[in-house]
Amino acid sequence: MDEIIKKEYESLVKYYEASGGNSHALISKEYASMVINGDKVLAKNSTEGIIIETERIENGVYARITVKRGYKAKNPVHLCFGMLPREGKQIIKSEIVAEEDSAVRFIAHCIFPNALRIEHIMDSRIIVERNAKIEYEETHFHGKSGGVKVIPKTVARVKEGGEYNSSFLLKSGRAGYIDIDYEVHLEKNAKSMLITKIYAREDDEIHTNESIILEGAHSSGVIKTRMALRNRAKSFVIGKTVGLGEYSKGHVDCTEIIMDDAQAEASPIVIGKNPKAKVTHEAAIGSVDKKQLITLMTRGLTEEEAIDVIVSGLLK
Amino acid sequence: MLRIENLTVIRDGIPIVRDVSLEIGEREVHVLLGVNGSGKTTLAHAIMGIYPSKGKIVFLGEDITHLPIWERARRGITLAFQEPARFEGLLVKDYLMLSSREKDMGKIKEAVKTVGLPYSILFQEIGDNLSGGERKRIELASVLLMKPRLAILDEPDSGIDILSFKQISNVILRMKEMGCSVLLITHSEDMINIADRATIICSGKVAKTGDREEIKKLFKYSPCPLKR
């Protein structure tokens, strides 16, 4: 590792740890891992059953991750995407394939600690082959200025009996501008759960557009969105589930807490194109639940402390 | 310990509690009796500071009438709701820890055992997964751990099966042993048996305060004597 890369690596890992990442996993040969700063791959490690291939593209990196057929990963794959400079653009194009009967969990951290004007574009294609399973957990840390634009796009196809679950979490620091666009296609007996939990403050603006298309019979999917908005933050949430397959089941569940002058707009869309499919939704936007607030205050918490507890629980 | 003088609570222009004066002594279990809508819960909430009120509330010699809820709580008053809140994402153990500032897991387990719940409940969320009875007991555990000087318990016995009834009574007596006074709202005549004194509230007013047996007899004969 040359000196510059080493310094960037150490600096990024420091923030990675601070945002909850396990730095040991980035060094250990037992874990598949990848660390990217801007358009540079600072480190990567493939293991027996998980192959990580990368190449540099304009303003970013293309990565292909393959989980081999039948391989059930004991350890999660750790990914760290970051940009240390204050300004710039990062494009990550990725293709993740979980081959038949494989199982893997990804723990990804996206870190932009010094961001004043950063754009992070993620363009992923995910294939979950027959009876395979992918869990993808993504935690974001965008620093304190709100100068980050994050645009993640994922198209996933889950084949017969497969499972794809993903979570997008941003609890601390500013969110900036986030525009999530996820689309999951489920074949026969496939399952998926998409979870998004974001705490937005100041002028943060969040857009989410998540869809689960229940193509196969007995497929099932849930889109769960939890948001807390303060100050002048805004959110626009679309959760869509389309029931095409017989006995497929889809559910859209959105809860948002708004405080101060924040605004939220939620549009759950349920489309049934098969009389045997069942698609449902629930959405609630409101201030902090008064009973929860008063209960905590009767235990001696101030209003602010009580709100923190309630919001932390919602985003847990 | 607690002195209420001429307390009036008006909600939506209607007086719900009218000119109530009441005293509760140290380590006293005081039962508030009254028919539905008599103003018991409103009075309890006004003592806690949930509703604004006219009159005076003196607690341990200090006028707390204008203090917010959390400051009253920090001075040693707490309240367990008749219908406890649900908290998405919050585990029972975390709720008990933060609501009581008790970090000792041993003490938390002991409180859970005292209210008749299994330890496994500590790792569950306080949501729809728990029954109303379980959430009520969690509230009682939380009050126990907080070691208040005055616990206001709003119908802790409602929706509780007969076997658990004895357990709830024991928890209240345990609070008393710990030096806590209890203001207990109940419809249950049996619950009066653990009280030192009782008050009948009728149409927002105190109809009668007295010793347990006297009030019990009066309440049985006439649940709202002011209406006669």
# chains A, B, ... in the order shown; residues from 1 in each chain; ligands from 1
>>> closest_atom_pairs(of="chain A", to="chain B", cutoff="8 Å", atoms="only C-alpha atoms", output="CSV")
residue,atom,partner,partner_atom,distance
A:Lys291,CA,B:Ala85,CA,6.0
A:Gln292,CA,B:Ala85,CA,5.6
A:Ile294,CA,B:Ile50,CA,7.5
A:Thr295,CA,B:Ala85,CA,7.2
A:Leu296,CA,B:Ser99,CA,6.6
A:Met297,CA,B:Trp70,CA,4.7
A:Thr298,CA,B:Thr78,CA,5.3
A:Arg299,CA,B:Ser99,CA,5.2
A:Gly300,CA,B:Trp70,CA,4.3
A:Leu301,CA,B:Trp70,CA,5.7
A:Thr302,CA,B:Trp70,CA,5.7
A:Glu303,CA,B:Trp70,CA,7.9
A:Ile310,CA,B:Phe87,CA,7.1
A:Ser312,CA,B:Gly89,CA,7.7
A:Gly313,CA,B:Gly89,CA,4.1
A:Leu314,CA,B:Gly89,CA,5.5
A:Leu315,CA,B:Gly89,CA,7.3
A:Lys316,CA,B:Gly89,CA,5.6
>>> write_last_selection(atoms="N, CA and C atoms", output="PDB file, in the first residue's frame")
ATOM      1  N   LYS A 291     -49.025  10.575  24.172  1.00  0.00           N
ATOM      2  CA  LYS A 291     -49.028   9.660  25.329  1.00  0.00           C
ATOM      3  C   LYS A 291     -47.616   9.160  25.639  1.00  0.00           C
ATOM      4  N   GLN A 292     -46.885   8.838  24.568  1.00  0.00           N
ATOM      5  CA  GLN A 292     -45.492   8.402  24.768  1.00  0.00           C
ATOM      6  C   GLN A 292     -44.696   9.517  25.438  1.00  0.00           C
ATOM      7  N   ILE A 294     -45.750  12.106  27.262  1.00  0.00           N
ATOM      8  CA  ILE A 294     -46.125  12.366  28.660  1.00  0.00           C
ATOM      9  C   ILE A 294     -45.646  11.234  29.572  1.00  0.00           C
ATOM     10  N   THR A 295     -45.757   9.999  29.078  1.00  0.00           N
ATOM     11  CA  THR A 295     -45.294   8.867  29.902  1.00  0.00           C
ATOM     12  C   THR A 295     -43.833   9.061  30.285  1.00  0.00           C
ATOM     13  N   LEU A 296     -43.011   9.409  29.318  1.00  0.00           N
ATOM     14  CA  LEU A 296     -41.579   9.578  29.611  1.00  0.00           C
ATOM     15  C   LEU A 296     -41.342  10.793  30.513  1.00  0.00           C
ATOM     16  N   MET A 297     -42.166  11.823  30.335  1.00  0.00           N
ATOM     17  CA  MET A 297     -42.001  13.004  31.189  1.00  0.00           C
ATOM     18  C   MET A 297     -42.413  12.705  32.630  1.00  0.00           C
ATOM     19  N   THR A 298     -43.373  11.797  32.805  1.00  0.00           N
ATOM     20  CA  THR A 298     -43.744  11.434  34.185  1.00  0.00           C
ATOM     21  C   THR A 298     -42.636  10.633  34.868  1.00  0.00           C
ATOM     22  N   ARG A 299     -41.641  10.226  34.062  1.00  0.00           N
ATOM     23  CA  ARG A 299     -40.466   9.532  34.642  1.00  0.00           C
ATOM     24  C   ARG A 299     -39.293  10.510  34.794  1.00  0.00           C
ATOM     25  N   GLY A 300     -39.536  11.767  34.518  1.00  0.00           N
ATOM     26  CA  GLY A 300     -38.503  12.771  34.768  1.00  0.00           C
ATOM     27  C   GLY A 300     -37.694  13.180  33.551  1.00  0.00           C
ATOM     28  N   LEU A 301     -38.072  12.704  32.352  1.00  0.00           N
ATOM     29  CA  LEU A 301     -37.349  13.142  31.155  1.00  0.00           C
ATOM     30  C   LEU A 301     -37.926  14.485  30.692  1.00  0.00           C
ATOM     31  N   THR A 302     -37.063  15.380  30.246  1.00  0.00           N
ATOM     32  CA  THR A 302     -37.574  16.634  29.698  1.00  0.00           C
ATOM     33  C   THR A 302     -38.229  16.326  28.350  1.00  0.00           C
ATOM     34  N   GLU A 303     -38.926  17.301  27.795  1.00  0.00           N
ATOM     35  CA  GLU A 303     -39.604  17.074  26.518  1.00  0.00           C
ATOM     36  C   GLU A 303     -38.598  16.684  25.432  1.00  0.00           C
ATOM     37  N   ILE A 310     -38.134   8.640  21.795  1.00  0.00           N
ATOM     38  CA  ILE A 310     -39.204   8.173  20.900  1.00  0.00           C
ATOM     39  C   ILE A 310     -38.679   8.048  19.464  1.00  0.00           C
ATOM     40  N   SER A 312     -35.496   7.725  18.528  1.00  0.00           N
ATOM     41  CA  SER A 312     -34.508   6.629  18.455  1.00  0.00           C
ATOM     42  C   SER A 312     -35.206   5.288  18.323  1.00  0.00           C
ATOM     43  N   GLY A 313     -36.293   5.125  19.067  1.00  0.00           N
ATOM     44  CA  GLY A 313     -37.029   3.864  18.992  1.00  0.00           C
ATOM     45  C   GLY A 313     -37.600   3.656  17.603  1.00  0.00           C
ATOM     46  N   LEU A 314     -38.192   4.698  17.051  1.00  0.00           N
ATOM     47  CA  LEU A 314     -38.797   4.609  15.716  1.00  0.00           C
ATOM     48  C   LEU A 314     -37.754   4.230  14.665  1.00  0.00           C
ATOM     49  N   LEU A 315     -36.537   4.769  14.839  1.00  0.00           N
ATOM     50  CA  LEU A 315     -35.502   4.541  13.819  1.00  0.00           C
ATOM     51  C   LEU A 315     -34.594   3.357  14.154  1.00  0.00           C
ATOM     52  N   LYS A 316     -34.899   2.660  15.230  1.00  0.00           N
ATOM     53  CA  LYS A 316     -34.019   1.561  15.655  1.00  0.00           C
ATOM     54  C   LYS A 316     -34.023   0.434  14.638  1.00  0.00           C
TER      55      LYS A 316
END
>>> select_by_dssp(residues="stretch 49-104 of chain A", states="strand (DSSP E or B)", output="PyMOL selection string")
chain A and resi 50-57+60-67+72+77-82+87-98+103-104
>>> write_last_selection(atoms="N, CA and C atoms", output="compact mmCIF listing (two decimals), in the first residue's frame")
# COMPACT_ATOMS: atom_id res chain seq x y z
N ILE A 50 -16.65 -15.82 -1.89
CA ILE A 50 -17.12 -14.50 -2.31
C ILE A 50 -16.02 -13.79 -3.12
N ILE A 51 -16.31 -13.52 -4.35
CA ILE A 51 -15.32 -12.92 -5.24
C ILE A 51 -15.68 -11.45 -5.47
N ILE A 52 -14.71 -10.59 -5.22
CA ILE A 52 -14.93 -9.16 -5.46
C ILE A 52 -13.99 -8.71 -6.56
N GLU A 53 -14.56 -8.19 -7.65
CA GLU A 53 -13.76 -7.68 -8.77
C GLU A 53 -14.10 -6.21 -8.95
N THR A 54 -13.09 -5.41 -9.21
CA THR A 54 -13.36 -3.97 -9.36
C THR A 54 -12.61 -3.40 -10.57
N GLU A 55 -13.13 -2.33 -11.07
CA GLU A 55 -12.36 -1.56 -12.05
C GLU A 55 -12.74 -0.09 -11.93
N ARG A 56 -11.77 0.77 -12.24
CA ARG A 56 -11.99 2.20 -12.11
C ARG A 56 -12.82 2.70 -13.29
N ILE A 57 -13.78 3.54 -13.01
CA ILE A 57 -14.54 4.18 -14.09
C ILE A 57 -14.45 5.69 -13.85
N GLY A 60 -15.45 7.18 -10.41
CA GLY A 60 -15.88 6.13 -9.49
C GLY A 60 -15.31 4.75 -9.75
N VAL A 61 -16.09 3.78 -9.34
CA VAL A 61 -15.63 2.40 -9.37
C VAL A 61 -16.78 1.50 -9.81
N TYR A 62 -16.43 0.50 -10.62
CA TYR A 62 -17.39 -0.56 -10.93
C TYR A 62 -16.98 -1.78 -10.10
N ALA A 63 -17.95 -2.36 -9.40
CA ALA A 63 -17.62 -3.54 -8.59
C ALA A 63 -18.58 -4.68 -8.91
N ARG A 64 -18.01 -5.87 -9.02
CA ARG A 64 -18.87 -7.04 -9.21
C ARG A 64 -18.58 -8.00 -8.07
N ILE A 65 -19.64 -8.36 -7.37
CA ILE A 65 -19.47 -9.27 -6.23
C ILE A 65 -20.29 -10.53 -6.51
N THR A 66 -19.59 -11.64 -6.46
CA THR A 66 -20.27 -12.91 -6.74
C THR A 66 -20.18 -13.82 -5.51
N VAL A 67 -21.32 -14.29 -5.09
CA VAL A 67 -21.34 -15.27 -4.00
C VAL A 67 -21.58 -16.62 -4.67
N LYS A 72 -22.61 -20.56 1.91
CA LYS A 72 -23.34 -19.84 2.97
C LYS A 72 -22.29 -19.09 3.78
N VAL A 77 -20.06 -9.59 4.65
CA VAL A 77 -19.16 -8.86 3.76
C VAL A 77 -19.19 -7.39 4.20
N HIS A 78 -18.03 -6.83 4.46
CA HIS A 78 -17.99 -5.43 4.91
C HIS A 78 -17.59 -4.51 3.76
N LEU A 79 -18.42 -3.51 3.54
CA LEU A 79 -18.14 -2.55 2.46
C LEU A 79 -18.07 -1.15 3.05
N CYS A 80 -17.09 -0.39 2.61
CA CYS A 80 -16.98 0.99 3.09
C CYS A 80 -16.80 1.90 1.87
N PHE A 81 -17.82 2.73 1.64
CA PHE A 81 -17.75 3.69 0.53
C PHE A 81 -17.63 5.07 1.14
N GLY A 82 -16.64 5.82 0.72
CA GLY A 82 -16.51 7.13 1.33
C GLY A 82 -15.89 8.15 0.41
N GLU A 87 -15.47 18.28 -1.45
CA GLU A 87 -16.26 18.39 -2.68
C GLU A 87 -15.92 17.24 -3.61
N GLY A 88 -16.84 16.92 -4.48
CA GLY A 88 -16.54 15.90 -5.48
C GLY A 88 -17.73 15.02 -5.80
N LYS A 89 -17.47 14.10 -6.70
CA LYS A 89 -18.54 13.21 -7.16
C LYS A 89 -18.03 11.78 -7.12
N GLN A 90 -18.86 10.89 -6.65
CA GLN A 90 -18.47 9.48 -6.61
C GLN A 90 -19.59 8.65 -7.24
N ILE A 91 -19.19 7.84 -8.19
CA ILE A 91 -20.18 6.94 -8.81
C ILE A 91 -19.75 5.51 -8.52
N ILE A 92 -20.64 4.77 -7.90
CA ILE A 92 -20.37 3.35 -7.65
C ILE A 92 -21.39 2.56 -8.48
N LYS A 93 -20.87 1.82 -9.43
CA LYS A 93 -21.76 0.93 -10.18
C LYS A 93 -21.47 -0.47 -9.68
N SER A 94 -22.49 -1.18 -9.30
CA SER A 94 -22.20 -2.51 -8.76
C SER A 94 -23.18 -3.55 -9.28
N GLU A 95 -22.66 -4.74 -9.28
CA GLU A 95 -23.48 -5.89 -9.68
C GLU A 95 -23.22 -6.97 -8.64
N ILE A 96 -24.27 -7.35 -7.97
CA ILE A 96 -24.11 -8.38 -6.94
C ILE A 96 -24.93 -9.59 -7.36
N VAL A 97 -24.26 -10.72 -7.38
CA VAL A 97 -24.97 -11.95 -7.77
C VAL A 97 -24.80 -12.98 -6.66
N ALA A 98 -25.92 -13.42 -6.12
CA ALA A 98 -25.88 -14.53 -5.16
C ALA A 98 -26.33 -15.75 -5.94
N ALA A 103 -25.95 -17.85 0.58
CA ALA A 103 -26.52 -16.90 1.55
C ALA A 103 -25.42 -15.95 2.01
N VAL A 104 -25.74 -14.68 2.05
CA VAL A 104 -24.72 -13.70 2.42
C VAL A 104 -25.36 -12.47 3.05
>>> select_by_dssp(residues="chain B", states="alpha helix (DSSP H)", output="VMD selection string")
chain B and resid 40 to 48 69 to 74 92 to 100 105 to 114 132 to 146 162 to 177 189 to 192 212 to 221
>>> residues_around(residues="A:Glu135", least_positions_apart="6", cutoff="12 Å", atoms="only C-alpha atoms", output="PDB file with N, CA and C atoms, in the first residue's frame")
ATOM      1  N   ALA A  73     -22.227 -17.805   3.609  1.00  0.00           N
ATOM      2  CA  ALA A  73     -21.159 -17.034   4.250  1.00  0.00           C
ATOM      3  C   ALA A  73     -21.369 -16.964   5.759  1.00  0.00           C
ATOM      4  N   PRO A  76     -20.156 -11.684   7.618  1.00  0.00           N
ATOM      5  CA  PRO A  76     -20.711 -10.717   6.666  1.00  0.00           C
ATOM      6  C   PRO A  76     -19.638 -10.089   5.785  1.00  0.00           C
ATOM      7  N   VAL A  77     -20.062  -9.592   4.648  1.00  0.00           N
ATOM      8  CA  VAL A  77     -19.158  -8.858   3.764  1.00  0.00           C
ATOM      9  C   VAL A  77     -19.193  -7.392   4.200  1.00  0.00           C
ATOM     10  N   HIS A  78     -18.030  -6.829   4.457  1.00  0.00           N
ATOM     11  CA  HIS A  78     -17.994  -5.432   4.912  1.00  0.00           C
ATOM     12  C   HIS A  78     -17.589  -4.510   3.764  1.00  0.00           C
ATOM     13  N   ILE A  96     -24.270  -7.351  -7.969  1.00  0.00           N
ATOM     14  CA  ILE A  96     -24.108  -8.383  -6.938  1.00  0.00           C
ATOM     15  C   ILE A  96     -24.926  -9.588  -7.362  1.00  0.00           C
ATOM     16  N   ALA A  98     -25.919 -13.419  -6.115  1.00  0.00           N
ATOM     17  CA  ALA A  98     -25.879 -14.527  -5.161  1.00  0.00           C
ATOM     18  C   ALA A  98     -26.332 -15.751  -5.935  1.00  0.00           C
ATOM     19  N   SER A 102     -27.003 -19.940  -2.205  1.00  0.00           N
ATOM     20  CA  SER A 102     -25.996 -19.257  -1.393  1.00  0.00           C
ATOM     21  C   SER A 102     -26.702 -18.318  -0.407  1.00  0.00           C
ATOM     22  N   ALA A 103     -25.953 -17.848   0.584  1.00  0.00           N
ATOM     23  CA  ALA A 103     -26.520 -16.898   1.552  1.00  0.00           C
ATOM     24  C   ALA A 103     -25.417 -15.954   2.010  1.00  0.00           C
ATOM     25  N   VAL A 104     -25.736 -14.678   2.047  1.00  0.00           N
ATOM     26  CA  VAL A 104     -24.717 -13.702   2.416  1.00  0.00           C
ATOM     27  C   VAL A 104     -25.361 -12.468   3.048  1.00  0.00           C
ATOM     28  N   ARG A 105     -24.582 -11.867   3.948  1.00  0.00           N
ATOM     29  CA  ARG A 105     -25.044 -10.619   4.558  1.00  0.00           C
ATOM     30  C   ARG A 105     -24.003  -9.543   4.294  1.00  0.00           C
ATOM     31  N   PHE A 106     -24.456  -8.399   3.813  1.00  0.00           N
ATOM     32  CA  PHE A 106     -23.552  -7.268   3.567  1.00  0.00           C
ATOM     33  C   PHE A 106     -23.760  -6.221   4.658  1.00  0.00           C
ATOM     34  N   ILE A 107     -22.650  -5.674   5.134  1.00  0.00           N
ATOM     35  CA  ILE A 107     -22.750  -4.522   6.036  1.00  0.00           C
ATOM     36  C   ILE A 107     -21.993  -3.389   5.350  1.00  0.00           C
ATOM     37  N   ALA A 108     -22.745  -2.432   4.868  1.00  0.00           N
ATOM     38  CA  ALA A 108     -22.124  -1.340   4.107  1.00  0.00           C
ATOM     39  C   ALA A 108     -22.211  -0.033   4.884  1.00  0.00           C
ATOM     40  N   ILE A 126     -28.871  -6.243  -8.706  1.00  0.00           N
ATOM     41  CA  ILE A 126     -28.718  -7.383  -7.791  1.00  0.00           C
ATOM     42  C   ILE A 126     -29.502  -8.564  -8.328  1.00  0.00           C
ATOM     43  N   VAL A 128     -30.575 -12.369  -7.202  1.00  0.00           N
ATOM     44  CA  VAL A 128     -30.599 -13.425  -6.181  1.00  0.00           C
ATOM     45  C   VAL A 128     -31.143 -14.666  -6.887  1.00  0.00           C
ATOM     46  N   GLY A 162     -35.957 -17.385  -3.481  1.00  0.00           N
ATOM     47  CA  GLY A 162     -34.878 -16.520  -2.980  1.00  0.00           C
ATOM     48  C   GLY A 162     -35.390 -15.447  -2.043  1.00  0.00           C
ATOM     49  N   GLU A 163     -34.446 -14.755  -1.408  1.00  0.00           N
ATOM     50  CA  GLU A 163     -34.833 -13.705  -0.456  1.00  0.00           C
ATOM     51  C   GLU A 163     -33.849 -12.542  -0.538  1.00  0.00           C
ATOM     52  N   TYR A 164     -34.392 -11.345  -0.581  1.00  0.00           N
ATOM     53  CA  TYR A 164     -33.538 -10.150  -0.602  1.00  0.00           C
ATOM     54  C   TYR A 164     -34.104  -9.132   0.386  1.00  0.00           C
ATOM     55  N   ASN A 165     -33.306  -8.816   1.400  1.00  0.00           N
ATOM     56  CA  ASN A 165     -33.741  -7.826   2.384  1.00  0.00           C
ATOM     57  C   ASN A 165     -32.715  -6.714   2.429  1.00  0.00           C
ATOM     58  N   SER A 166     -33.193  -5.488   2.429  1.00  0.00           N
ATOM     59  CA  SER A 166     -32.220  -4.404   2.500  1.00  0.00           C
ATOM     60  C   SER A 166     -32.683  -3.354   3.503  1.00  0.00           C
ATOM     61  N   SER A 167     -31.715  -2.685   4.121  1.00  0.00           N
ATOM     62  CA  SER A 167     -32.074  -1.573   5.002  1.00  0.00           C
ATOM     63  C   SER A 167     -31.155  -0.392   4.745  1.00  0.00           C
ATOM     64  N   PHE A 168     -31.731   0.775   4.774  1.00  0.00           N
ATOM     65  CA  PHE A 168     -30.993   2.029   4.579  1.00  0.00           C
ATOM     66  C   PHE A 168     -31.204   2.830   5.856  1.00  0.00           C
ATOM     67  N   LYS A 191     -39.049 -13.687  -1.503  1.00  0.00           N
ATOM     68  CA  LYS A 191     -39.444 -12.753  -0.436  1.00  0.00           C
ATOM     69  C   LYS A 191     -38.535 -11.535  -0.422  1.00  0.00           C
ATOM     70  N   SER A 192     -39.061 -10.432   0.037  1.00  0.00           N
ATOM     71  CA  SER A 192     -38.211  -9.250   0.175  1.00  0.00           C
ATOM     72  C   SER A 192     -38.758  -8.303   1.236  1.00  0.00           C
ATOM     73  N   MET A 193     -37.850  -7.661   1.936  1.00  0.00           N
ATOM     74  CA  MET A 193     -38.246  -6.590   2.846  1.00  0.00           C
ATOM     75  C   MET A 193     -37.308  -5.408   2.634  1.00  0.00           C
ATOM     76  N   LEU A 194     -37.875  -4.241   2.369  1.00  0.00           N
ATOM     77  CA  LEU A 194     -37.069  -3.031   2.186  1.00  0.00           C
ATOM     78  C   LEU A 194     -37.356  -2.095   3.351  1.00  0.00           C
ATOM     79  N   ILE A 195     -36.323  -1.765   4.085  1.00  0.00           N
ATOM     80  CA  ILE A 195     -36.508  -0.891   5.247  1.00  0.00           C
ATOM     81  C   ILE A 195     -35.693   0.388   5.053  1.00  0.00           C
TER      82      ILE A 195
END
>>> residues_around(residues="A:Arg201", least_positions_apart="5", cutoff="9 Å", atoms="only C-alpha atoms", output="list of chain:residue names")
A:Gly146, A:Gly173, A:Arg174, A:Ala175, A:Gly176, A:Ala228, A:Leu229, A:Arg230, A:Asn231, A:Arg232, A:Ala233, A:Lys234, A:Ala262
>>> write_last_selection(atoms="C-alpha atoms", output="mmCIF file, in the first residue's frame")
data_model
loop_
_atom_site.group_PDB
_atom_site.id
_atom_site.type_symbol
_atom_site.label_atom_id
_atom_site.label_comp_id
_atom_site.auth_asym_id
_atom_site.auth_seq_id
_atom_site.Cartn_x
_atom_site.Cartn_y
_atom_site.Cartn_z
ATOM 1 C CA GLY A 146 -25.799 18.710 4.890
ATOM 2 C CA GLY A 173 -25.566 13.942 11.401
ATOM 3 C CA ARG A 174 -27.284 15.696 8.521
ATOM 4 C CA ALA A 175 -28.956 13.741 5.745
ATOM 5 C CA GLY A 176 -28.561 16.395 3.032
ATOM 6 C CA ALA A 228 -38.313 11.664 11.765
ATOM 7 C CA LEU A 229 -38.146 15.214 10.462
ATOM 8 C CA ARG A 230 -37.210 18.383 12.324
ATOM 9 C CA ASN A 231 -36.743 22.054 11.520
ATOM 10 C CA ARG A 232 -37.530 22.641 7.842
ATOM 11 C CA ALA A 233 -36.753 19.133 6.571
ATOM 12 C CA LYS A 234 -38.976 17.624 3.885
ATOM 13 C CA ALA A 262 -40.937 19.968 8.797
#
>>> residues_around(residues="stretch 108-119 of chain B", least_positions_apart="2", cutoff="7 Å", atoms="only C-alpha atoms", output="list in words")
Asp104, Met105, Gly106, Ile121, Leu122, Arg137, Leu140, Ala141, Leu144, Leu145, Gln167, Ile168 and Val171 of chain B
>>> decode(residues="stretch 83-102 of chain A", atoms="N, CA and C atoms", output="PDB file, in the first residue's frame")
ATOM      1  N   MET A  83     -15.973   9.386   0.861  1.00  0.00           N
ATOM      2  CA  MET A  83     -15.258  10.473   0.195  1.00  0.00           C
ATOM      3  C   MET A  83     -14.746  11.384   1.291  1.00  0.00           C
ATOM      4  N   LEU A  84     -13.454  11.474   1.377  1.00  0.00           N
ATOM      5  CA  LEU A  84     -12.869  12.309   2.421  1.00  0.00           C
ATOM      6  C   LEU A  84     -12.833  13.794   2.063  1.00  0.00           C
ATOM      7  N   PRO A  85     -12.665  14.152   0.785  1.00  0.00           N
ATOM      8  CA  PRO A  85     -12.619  15.584   0.465  1.00  0.00           C
ATOM      9  C   PRO A  85     -13.948  16.272   0.746  1.00  0.00           C
ATOM     10  N   ARG A  86     -13.919  17.593   0.686  1.00  0.00           N
ATOM     11  CA  ARG A  86     -15.146  18.355   0.940  1.00  0.00           C
ATOM     12  C   ARG A  86     -16.058  18.394  -0.278  1.00  0.00           C
ATOM     13  N   GLU A  87     -15.465  18.284  -1.455  1.00  0.00           N
ATOM     14  CA  GLU A  87     -16.258  18.385  -2.677  1.00  0.00           C
ATOM     15  C   GLU A  87     -15.921  17.238  -3.610  1.00  0.00           C
ATOM     16  N   GLY A  88     -16.841  16.920  -4.478  1.00  0.00           N
ATOM     17  CA  GLY A  88     -16.537  15.899  -5.478  1.00  0.00           C
ATOM     18  C   GLY A  88     -17.735  15.024  -5.797  1.00  0.00           C
ATOM     19  N   LYS A  89     -17.473  14.097  -6.698  1.00  0.00           N
ATOM     20  CA  LYS A  89     -18.544  13.214  -7.157  1.00  0.00           C
ATOM     21  C   LYS A  89     -18.031  11.781  -7.117  1.00  0.00           C
ATOM     22  N   GLN A  90     -18.857  10.888  -6.649  1.00  0.00           N
ATOM     23  CA  GLN A  90     -18.475   9.479  -6.612  1.00  0.00           C
ATOM     24  C   GLN A  90     -19.586   8.653  -7.243  1.00  0.00           C
ATOM     25  N   ILE A  91     -19.186   7.836  -8.192  1.00  0.00           N
ATOM     26  CA  ILE A  91     -20.175   6.942  -8.814  1.00  0.00           C
ATOM     27  C   ILE A  91     -19.750   5.505  -8.521  1.00  0.00           C
ATOM     28  N   ILE A  92     -20.645   4.768  -7.901  1.00  0.00           N
ATOM     29  CA  ILE A  92     -20.366   3.352  -7.654  1.00  0.00           C
ATOM     30  C   ILE A  92     -21.386   2.561  -8.476  1.00  0.00           C
ATOM     31  N   LYS A  93     -20.868   1.815  -9.434  1.00  0.00           N
ATOM     32  CA  LYS A  93     -21.761   0.931 -10.185  1.00  0.00           C
ATOM     33  C   LYS A  93     -21.473  -0.472  -9.683  1.00  0.00           C
ATOM     34  N   SER A  94     -22.494  -1.183  -9.297  1.00  0.00           N
ATOM     35  CA  SER A  94     -22.205  -2.511  -8.758  1.00  0.00           C
ATOM     36  C   SER A  94     -23.176  -3.554  -9.281  1.00  0.00           C
ATOM     37  N   GLU A  95     -22.660  -4.744  -9.277  1.00  0.00           N
ATOM     38  CA  GLU A  95     -23.479  -5.885  -9.677  1.00  0.00           C
ATOM     39  C   GLU A  95     -23.223  -6.966  -8.641  1.00  0.00           C
ATOM     40  N   ILE A  96     -24.270  -7.351  -7.969  1.00  0.00           N
ATOM     41  CA  ILE A  96     -24.108  -8.383  -6.938  1.00  0.00           C
ATOM     42  C   ILE A  96     -24.926  -9.588  -7.362  1.00  0.00           C
ATOM     43  N   VAL A  97     -24.263 -10.720  -7.384  1.00  0.00           N
ATOM     44  CA  VAL A  97     -24.971 -11.948  -7.773  1.00  0.00           C
ATOM     45  C   VAL A  97     -24.798 -12.980  -6.659  1.00  0.00           C
ATOM     46  N   ALA A  98     -25.919 -13.419  -6.115  1.00  0.00           N
ATOM     47  CA  ALA A  98     -25.879 -14.527  -5.161  1.00  0.00           C
ATOM     48  C   ALA A  98     -26.332 -15.751  -5.935  1.00  0.00           C
ATOM     49  N   GLU A  99     -25.399 -16.649  -6.167  1.00  0.00           N
ATOM     50  CA  GLU A  99     -25.736 -17.823  -6.976  1.00  0.00           C
ATOM     51  C   GLU A  99     -26.636 -18.785  -6.185  1.00  0.00           C
ATOM     52  N   GLU A 100     -27.151 -19.774  -6.894  1.00  0.00           N
ATOM     53  CA  GLU A 100     -28.133 -20.698  -6.302  1.00  0.00           C
ATOM     54  C   GLU A 100     -27.729 -21.204  -4.921  1.00  0.00           C
ATOM     55  N   ASP A 101     -28.674 -21.212  -4.016  1.00  0.00           N
ATOM     56  CA  ASP A 101     -28.516 -21.776  -2.662  1.00  0.00           C
ATOM     57  C   ASP A 101     -27.433 -21.104  -1.822  1.00  0.00           C
ATOM     58  N   SER A 102     -27.003 -19.940  -2.205  1.00  0.00           N
ATOM     59  CA  SER A 102     -25.996 -19.257  -1.393  1.00  0.00           C
ATOM     60  C   SER A 102     -26.702 -18.318  -0.407  1.00  0.00           C
TER      61      SER A 102
END
